[in-house]
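For reference, the structure discussed in these notes is given below.
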Amino acid sequence: MKNRNPKMVEIQGKDNISFKCKVCNQVWYKPPLSKKFNWQCPNGCTLEDLEYKEREHYREVIKSES
């Protein structure tokens, strides 16, 4: 399965495939018989949320090094 949203979603597992949001760590599954699937996090996380999380992590690293 090709990840159509690699910046936001991580694909986990091979047999029972699940998806994990890189912002809030929410895990969800593709309905077994569904041909269409939503790659968006069920919590509505966006790329802006991811950028904010990365900036906050960077700030924490800088603080811990000083």
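Residues are referred to by chain and number: the chain letter is A, B, ... according to the order shown in the structure tokens, the number counts from 1 in that chain, and ligands are numbered separately from 1 in the order shown.
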
For Glu51 of chain A, find every residue with an atom within 12 Å (counting only C-alpha atoms), except residues of its own chain fewer than 4 positions away, and show them as a list in words.
Lys7, Met8, Lys22, Val23, Cys45, Thr46, Leu47, Arg55, Glu56, His57 and Tyr58 of chain A

Could you pull out the residues in segment 12-60 of chain A that DSSP calls alpha helix (DSSP H) from the backbone, as number ranges by chain?
A: 47-60

What's the 7 Å shell around Val9 of chain A, counting only C-alpha atoms, without same-chain residues fewer than 4 positions away, as number ranges by chain?
A: 5, 19-22

If DSSP is run on the backbone, what residues of segment 10-48 of chain A are strand (DSSP E)? A reply as a PyMOL selection string would be ideal.
chain A and resi 10-12+18-21+27-29

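Interatomic distance, atom CA of Asn43 of chain A against atom CA of Ile17 of chain A: 18.9 Å.
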
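Coordinates place atom CA of Cys41 of chain A at a distance of 17.4 Å from atom CA of Glu54 of chain A.
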
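Considering the residues A:Glu65, A:Tyr52, A:Met1, A:Glu10 and counting only C-alpha atoms, Gln40 of chain A has its shortest atom-to-atom contact with A:Glu10.
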
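If only C-alpha atoms are the atoms counted, then among A:Arg59, A:Asn3, A:Asp49, A:Pro42 the closest residue to Trp28 of chain A is A:Pro42.
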
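Going from atom CA of Ile11 of chain A over to atom CA of Trp39 of chain A, you cover 10.3 Å.
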